[in-house]
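Below is one structure, written out as structure tokens, with a few remarks after it.
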Amino acid sequence: MKRFIVIVLDGFGIGAMKDAEKARPGDEAANTLGSILRDFPDSCFTNLERLGLMNAYGRESLRMKFSPTANVGRAELMHWGADTFMGHQEIMGTLPKKPTAQPFQEKVDGIYAHLLEKGHKVEILRNGDLRYLLVDDYVTVADNIDADLGMAYNCTAPLDYISFDKELEIGRHVREAATVNRIIPFGGTGTTLQDLLRAEEVREGKYIGIHAVKSGSYNKGYQCRHLGYGVDKNVQAPTILTDAGIPVTLFGKVADIVANDGGKSVSCVPTDEVLDLTIEEIQAMENGFICTNVQETDLAGHSQDADWYRRLLEIADERIGRMIPLLSGDDILLVMADHGNDPDIGHNKHTRENVPLLVYKKGVCGIDLGLRASLSDVGATVCRYFGVKQPQNGIPFLEKLQP
């Protein structure tokens, strides 16, 4: 058996990156793990401690100490900001491009022209001086008003009237004409175009979009795809591996945001459930790559709830402890994060933090992986492990893990 398992504890940062003050002002004091330990000094995550969490953090706590046998590193974020979607694209080997933050109003004419060129029917909808688009009678294209303004455009559709595949095609054409971080085609069944138009809202006088929750899109038959700027699935680890005949399984939020056309992807949010599925897959899989995203830790950070975060880490820690005895001598387990989400920083956004790299491999101990310049070093290491071509970005550290 030859398996590589990556567990991403979403939002589990271990201290601000050195560029945080300039790249993301306000995050220079961010420290997700530090906030949890300050609020709950008796916290003890036994298996994460064994894997070297405190080594990566750089200091010991009341109950958790350095592990002399751990294989430990830290990684910086190469992508702009601190983003779950782009964090996972980076993990899988994408070289991040810096997106442009732009109100839809600044791109509406160019996107309108591009969609016409691609053969779509396009109408302009207006609210005063603000404009957005209605494409092929049912798909609205406008600002995402539910997140950081200017960073994404939504394509919203009532899926009883147009297929998600057709909406996704429209989204891909919008992606070709835009440089914002994400284009997000989504929709649900049981809604009409009028439901969408009634959910139209304006923010700050210059952003206009469809409020996702008020549109009813989440209520029934919800489908969604995130299209990132500069993201090409063909240069990422899952596609490279499946093209080489190596099984790939994605669990949790990573299944929603990383392309895995030839593999198995299972969406799941509850921490115990997503990790139990991972354990079952480890037991069933003889050869292949597993990546699991534990999303609820990120949700706890967004909720500014350090106690919930601590309890989720306890669940994750216990399940990781169950995984370790299932690993053979050739297997690798890597526990990491994609960014920070400090529950005590005073806002509910992600934080630009270094993340831990905690690696378990039988017979290998005490390895210092150093500070890696990109999360992509993980995807590069996975590809090197399976002997396939390298992804677009990243420097593998597999050689450091040889006994």
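Labels used: A, B, ... for chains in the order of the structure tokens, numbers from 1 for residues in each chain, and numbers from 1 for ligands as shown.
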
Inset, instruction - Give me every helix (DSSP H, G or I) residue in range 28-61 of chain A, going by DSSP on the backbone, as a PyMOL selection string. - result: chain A and resi 32-39+46-50+53-57

Mind dumping a table of every range 261-357 of chain A residue within 12 Å of range 55-66 of chain A, with the nearest atom pair and its distance in Å to one decimal, using only C-alpha atoms, sorted by chain and rising number, as CSV?
```
residue,atom,partner,partner_atom,distance
A:Val335,CA,A:Ala56,CA,11.5
A:Met336,CA,A:Ala56,CA,10.5
A:Glu353,CA,A:Tyr57,CA,11.3
A:Asn354,CA,A:Tyr57,CA,9.4
A:Val355,CA,A:Ala56,CA,8.3
A:Pro356,CA,A:Ala56,CA,5.7
A:Leu357,CA,A:Ala56,CA,7.4
```

Inset, instruction - For CA of Gly187 in chain A and CA of Cys224 in chain A, quote the distance in Å rounded to one decimal. - result: 6.7 Å

Inset, instruction - Determine which residues of range 43-136 of chain A DSSP labels as strand (DSSP E) from the backbone of this structure, then write them out as a list in words. - result: Asn71, Val72, Gly73, Arg74, Ala75, Val122, Glu123, Ile124, Leu125, Arg126, Asn127, Leu130, Arg131, Tyr132, Leu133, Leu134 and Val135 of chain A

Legend entry - Residue nearest Ile184 in chain A - candidates A:Ala244, A:Cys155, A:Leu196, A:Leu358, atoms counted: only C-alpha atoms: A:Cys155

Inset, instruction - Mind checking which residues fall within 8 Å of Gly209 in chain A, counting only C-alpha atoms, ignoring those fewer than 4 positions away in the same chain, and posting them as JSON, numbers by chain? - result: {"A": [132, 141, 142, 143, 144, 145, 154, 200, 201, 202]}
